[in-house]
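Enquirer: What follows is target_19.cif; its format and atoms are mmCIF, C-alpha atoms.
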data_data
loop_
_atom_site.label_atom_id
_atom_site.label_comp_id
_atom_site.auth_asym_id
_atom_site.auth_seq_id
_atom_site.Cartn_x
_atom_site.Cartn_y
_atom_site.Cartn_z
CA MET E 1 -32.02 128.95 202.96
CA PHE E 2 -29.74 131.14 205.09
CA ASP E 3 -27.08 130.79 207.78
CA ALA E 4 -27.00 134.35 209.18
CA ILE E 5 -29.13 137.48 209.43
CA LEU E 6 -27.82 141.02 209.07
CA PHE E 7 -29.70 144.15 210.09
CA ASP E 8 -29.47 147.83 209.39
CA LEU E 9 -29.37 149.77 212.67
CA ASP E 10 -31.31 153.06 212.53
CA GLY E 11 -34.92 152.44 211.57
CA THR E 12 -34.57 148.65 211.46
CA LEU E 13 -33.21 147.34 214.75
CA ALA E 14 -33.61 150.51 216.79
CA ASP E 15 -35.79 153.58 216.77
CA THR E 16 -33.14 156.27 216.97
CA ALA E 17 -35.26 159.06 215.46
CA PRO E 18 -36.14 160.63 218.84
CA ASP E 19 -32.48 161.30 219.66
CA LEU E 20 -31.52 162.36 216.15
CA GLY E 21 -34.51 164.68 215.96
CA ARG E 22 -33.69 166.07 219.41
CA CYS E 23 -30.18 166.92 218.24
CA LEU E 24 -31.49 168.68 215.16
CA ASN E 25 -33.77 170.75 217.38
CA LEU E 26 -30.85 171.63 219.66
CA VAL E 27 -29.05 173.07 216.64
CA ARG E 28 -32.18 174.94 215.63
CA ALA E 29 -32.54 176.34 219.16
CA GLU E 30 -28.97 177.65 219.06
CA LEU E 31 -29.94 179.59 215.94
CA GLY E 32 -33.11 180.94 217.54
CA LEU E 33 -35.40 178.64 215.55
CA ALA E 34 -38.46 176.86 216.89
CA PRO E 35 -38.35 173.07 217.33
CA MET E 36 -39.77 170.82 214.63
CA GLU E 37 -42.13 167.92 215.22
CA LEU E 38 -40.45 164.51 215.15
CA GLY E 39 -43.01 163.31 212.60
CA GLN E 40 -41.65 165.85 210.10
CA LEU E 41 -38.10 164.61 210.57
CA ARG E 42 -38.67 160.88 210.92
CA PRO E 43 -38.65 159.93 207.20
CA HIS E 44 -35.23 161.57 206.79
CA THR E 45 -33.56 159.92 209.78
CA SER E 46 -31.95 157.09 207.81
CA SER E 47 -29.99 159.70 205.84
CA GLY E 48 -28.31 160.88 209.06
CA VAL E 49 -27.06 164.41 209.55
CA ARG E 50 -27.29 165.15 205.82
CA GLY E 51 -30.95 164.17 205.70
CA LEU E 52 -31.87 165.93 208.92
CA LEU E 53 -30.13 169.20 208.08
CA GLY E 54 -31.78 169.06 204.68
CA ALA E 55 -35.26 168.42 206.06
CA GLY E 56 -34.93 170.58 209.17
CA MET E 57 -32.97 173.55 207.88
CA ASP E 58 -32.97 173.22 204.08
CA LEU E 59 -29.18 172.89 204.12
CA ARG E 60 -27.27 170.83 201.58
CA PRO E 61 -23.62 169.77 201.83
CA ASP E 62 -22.58 172.49 199.38
CA HIS E 63 -23.98 175.26 201.62
CA PRO E 64 -21.23 177.35 203.27
CA GLU E 65 -22.76 176.82 206.74
CA TYR E 66 -23.37 173.10 206.31
CA ARG E 67 -20.09 171.76 207.73
CA LYS E 68 -20.22 173.95 210.83
CA LEU E 69 -23.80 173.00 211.64
CA ALA E 70 -23.21 169.33 210.82
CA ASP E 71 -20.31 169.28 213.27
CA ARG E 72 -22.47 170.94 215.92
CA PHE E 73 -25.23 168.37 215.33
CA LEU E 74 -22.73 165.54 215.74
CA GLU E 75 -21.39 167.07 218.96
CA HIS E 76 -24.89 167.01 220.41
CA TYR E 77 -25.43 163.45 219.18
CA ALA E 78 -22.16 162.16 220.64
CA ALA E 79 -23.18 163.63 223.99
CA GLY E 80 -26.54 161.86 224.03
CA LEU E 81 -26.96 159.17 221.40
CA CYS E 82 -29.10 156.83 223.48
CA VAL E 83 -31.32 159.06 225.61
CA HIS E 84 -34.60 158.01 224.00
CA SER E 85 -33.43 155.44 221.41
CA MET E 86 -34.64 151.88 221.92
CA PRO E 87 -35.23 148.63 220.04
CA PHE E 88 -38.40 148.61 217.97
CA GLU E 89 -41.30 146.80 219.59
CA GLY E 90 -40.90 143.06 219.10
CA MET E 91 -37.27 143.25 217.96
CA GLU E 92 -35.81 141.79 221.14
CA ALA E 93 -38.04 138.74 220.76
CA VAL E 94 -36.87 138.35 217.16
CA LEU E 95 -33.22 138.48 218.19
CA ALA E 96 -33.82 136.03 221.02
CA GLN E 97 -35.43 133.55 218.62
CA ILE E 98 -32.59 133.91 216.14
CA GLU E 99 -30.12 133.22 218.93
CA ALA E 100 -32.18 130.29 220.20
CA ARG E 101 -31.83 128.71 216.75
CA GLY E 102 -28.07 129.08 216.98
CA LEU E 103 -27.92 131.54 214.09
CA PRO E 104 -25.49 134.47 214.09
CA TRP E 105 -26.81 137.96 213.51
CA GLY E 106 -25.00 141.20 212.90
CA VAL E 107 -25.33 144.92 212.24
CA VAL E 108 -24.39 146.76 209.05
CA THR E 109 -25.00 150.50 209.17
CA ASN E 110 -23.80 153.65 207.45
CA LYS E 111 -23.45 155.34 210.84
CA ALA E 112 -19.81 156.11 211.71
CA ALA E 113 -18.14 153.75 214.17
CA ARG E 114 -17.69 156.47 216.79
CA PHE E 115 -21.48 156.52 217.12
CA THR E 116 -22.29 152.92 216.22
CA THR E 117 -20.07 151.29 218.84
CA PRO E 118 -21.42 153.16 221.90
CA LEU E 119 -25.00 152.95 220.63
CA VAL E 120 -24.86 149.18 220.10
CA ALA E 121 -23.33 148.85 223.58
CA ALA E 122 -26.01 151.07 225.17
CA LEU E 123 -28.72 148.94 223.57
CA GLY E 124 -27.17 145.81 225.06
CA TRP E 125 -26.14 144.19 221.79
CA GLN E 126 -22.35 144.51 221.89
CA GLN E 127 -21.78 140.97 223.17
CA ARG E 128 -24.64 139.46 221.20
CA ALA E 129 -23.96 140.68 217.66
CA ALA E 130 -21.62 138.44 215.69
CA CYS E 131 -20.35 141.51 213.84
CA VAL E 132 -20.90 145.26 213.76
CA VAL E 133 -19.96 146.99 210.51
CA SER E 134 -20.12 150.79 210.42
CA GLY E 135 -20.15 153.27 207.59
CA ASP E 136 -16.41 153.79 207.87
CA THR E 137 -15.41 150.16 208.42
CA THR E 138 -14.81 149.64 204.70
CA PRO E 139 -13.80 152.15 202.00
CA HIS E 140 -17.40 152.17 200.72
CA ALA E 141 -20.75 152.59 202.45
CA LYS E 142 -24.13 151.21 201.36
CA PRO E 143 -25.51 150.92 198.69
CA HIS E 144 -22.07 149.52 197.83
CA PRO E 145 -21.96 145.83 198.81
CA ALA E 146 -18.53 146.08 200.50
CA PRO E 147 -19.92 146.43 204.06
CA LEU E 148 -22.14 143.39 203.58
CA PHE E 149 -19.29 141.31 202.18
CA HIS E 150 -17.18 142.39 205.16
CA ALA E 151 -19.92 141.32 207.59
CA ALA E 152 -20.34 137.93 205.96
CA GLN E 153 -16.61 137.34 206.08
CA ALA E 154 -16.45 138.38 209.74
CA MET E 155 -19.15 135.83 210.57
CA GLY E 156 -17.54 133.13 208.45
CA VAL E 157 -20.66 132.80 206.31
CA ALA E 158 -20.94 132.99 202.52
CA ALA E 159 -22.69 136.19 201.42
CA ALA E 160 -25.22 134.14 199.46
CA ARG E 161 -26.23 132.44 202.73
CA CYS E 162 -27.10 135.73 204.45
CA VAL E 163 -30.31 137.75 204.63
CA TYR E 164 -30.15 141.52 205.08
CA VAL E 165 -33.02 143.48 206.64
CA GLY E 166 -33.20 147.25 206.11
CA ASP E 167 -35.57 150.20 205.97
CA ASP E 168 -33.97 152.18 203.14
CA LEU E 169 -33.70 151.63 199.38
CA ARG E 170 -29.91 151.57 199.63
CA ASP E 171 -30.16 148.60 202.02
CA ILE E 172 -31.96 146.55 199.41
CA GLN E 173 -29.59 147.72 196.69
CA ALA E 174 -26.60 146.68 198.80
CA ALA E 175 -28.11 143.28 199.57
CA ARG E 176 -28.83 142.65 195.90
CA ALA E 177 -25.31 143.68 194.91
CA ALA E 178 -23.90 141.30 197.53
CA GLY E 179 -26.10 138.40 196.40
CA MET E 180 -27.92 138.29 199.73
CA GLY E 181 -31.57 137.85 200.51
CA ALA E 182 -33.25 141.22 201.03
CA LEU E 183 -36.14 142.06 203.37
CA ALA E 184 -37.59 145.58 203.56
CA ALA E 185 -38.58 146.82 207.02
CA ALA E 186 -41.82 148.76 206.59
CA TRP E 187 -41.81 149.83 210.25
CA GLY E 188 -38.70 151.95 209.63
CA TYR E 189 -38.04 155.43 208.28
CA LEU E 190 -38.21 154.53 204.56
CA GLY E 191 -36.86 157.82 203.23
CA ALA E 192 -38.76 160.24 201.03
CA GLY E 193 -38.12 158.65 197.65
CA GLN E 194 -39.27 155.50 195.88
CA PRO E 195 -42.12 153.59 197.62
CA ILE E 196 -40.99 150.55 199.59
CA HIS E 197 -42.90 148.07 197.40
CA GLU E 198 -40.83 149.23 194.42
CA TRP E 199 -37.44 148.57 196.03
CA GLY E 200 -37.18 145.02 194.71
CA ALA E 201 -36.93 143.29 198.10
CA ASP E 202 -37.79 139.62 198.47
CA ALA E 203 -40.56 140.70 200.84
CA VAL E 204 -41.84 143.76 202.64
CA ILE E 205 -42.24 143.07 206.36
CA GLU E 206 -44.76 145.22 208.22
CA HIS E 207 -43.68 144.56 211.82
CA PRO E 208 -40.62 143.02 213.52
CA ALA E 209 -42.74 140.12 214.80
CA ALA E 210 -43.52 139.17 211.19
CA LEU E 211 -39.81 138.69 210.54
CA LEU E 212 -39.84 135.31 212.24
CA ALA E 213 -42.38 133.91 209.77
CA ALA E 214 -40.56 135.53 206.83
CA LEU E 215 -37.34 133.86 207.96
CA GLY E 216 -39.06 130.56 208.65
CA LEU E 217 -38.20 130.67 212.35
#
Spell out the structure here as structure tokens.
Expert:
Amino acid sequence: MFDAILFDLDGTLADTAPDLGRCLNLVRAELGLAPMELGQLRPHTSSGVRGLLGAGMDLRPDHPEYRKLADRFLEHYAAGLCVHSMPFEGMEAVLAQIEARGLPWGVVTNKAARFTTPLVAALGWQQRAACVVSGDTTPHAKPHPAPLFHAAQAMGVAAARCVYVGDDLRDIQAARAAGMGALAAAWGYLGAGQPIHEWGADAVIEHPAALLAALGL
């Protein structure tokens, strides 16, 4: 019972943690700090620079050094946002099957457009995605439903006829607020808060390949 599928980007469509973690370690190196293991940083990747500076350097946005180090992190990321990032295993087959059924799919992320646009292009999805909505496309970011409403409108599909797939609680909250179907991606980063089975998704999907069955494709 859907006409389009929307995906979160980081931790759902693509594994971007290696590049984001690498940038955090570049900032640490500039401060004379040892690198951190990616496994320590991975759960915080969906929260972007705020999550990574919090997990990797115990810095919060109200810290006097936060803005300077966040800007430095983003400089590193802009210079190499798709060095090691790649689609999750099985995701390309999922997208190909969606396309074979003639269904539009799109991206809705909280990542700023200046990073989203080149990353989506580097991953080879720029011409394939029916829409790409970034964190600064609308006045509100997820968990507000505005980005999802914008995506549905861009695809010419009623929000209630869309399914949104994401790996963070705010993805499910946004989908619910928009009246969309909501699938939780257990292969993603998941954050460090409420367990995924408590998010209130329609289903928790363990692997991208299982999405096809969940979507009835």
Enquirer: Between E:Gly188, E:Pro147, E:Gly39, E:Pro18, which residue has the minimum interatomic distance to E:Leu6, considering only C-alpha atoms?
Expert: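 For E:Leu6, the nearest of the given residues is E:Pro147.
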Enquirer: Return as JSON the centre and edge lengths, in Å with one decimal, of the box along x, y and z that encloses every atom of stretch 115-119 of chain E in the file, padded by 4 Å per side.
Expert:
{"center_x": -22.5, "center_y": 153.9, "center_z": 219.1, "size_x": 12.9, "size_y": 13.2, "size_z": 13.7}
Enquirer: Skip E:Ala174 itself and residues of its chain fewer than 5 positions away, then list as a ChimeraX atom specification all residues within 8 Å of it, counting all atoms listed in the file.
Expert: /E:142-145,148
Enquirer: For a test of reading the model, state the distance in Å between atom CA of E:Glu75 and atom CA of E:Leu53, rounded to one decimal.
Expert: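 For atom CA of E:Glu75 relative to atom CA of E:Leu53, the distance reads 14.1 Å.
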Enquirer: Output the residue selection produced by the PyMOL selection byres ((chain E and resi 25-30) around 8) on the file above, formatted as a list in words.
Expert: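 When the PyMOL selection byres ((chain E and resi 25-30) around 8) is applied to the shown file, the picked residues are Gly21, Arg22, Cys23, Leu24, Leu31, Gly32, Leu33, Ala34, Pro35, Met36, Met57, Leu69, Arg72, Phe73 and His76 of chain E.
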Enquirer: Suppose you want the space between atom CA of E:Ala186 and atom CA of E:Ala78; what is it in Å?
Expert: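 The value is 27.6 Å.
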Enquirer: Give me the residues near E:Gln173 as a ChimeraX atom specification, where near means some atom within 12 Å (using all atoms listed in the file) and where sequence neighbours in that chain fewer than 5 positions away do not count.
Expert: /E:141-146,148,164-168,178-184,198-202
Enquirer: Could you check which of E:Leu190, E:Val107, E:Ala210, E:Ala159 is closest to E:Phe2, using all atoms listed in the file?
Expert: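 Answer, going by the shortest atom-to-atom distance: E:Ala159.
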Enquirer: What gap, in Å, lies between atom CA of E:Thr116 and atom CA of E:Phe88?
Expert: 16.8 Å
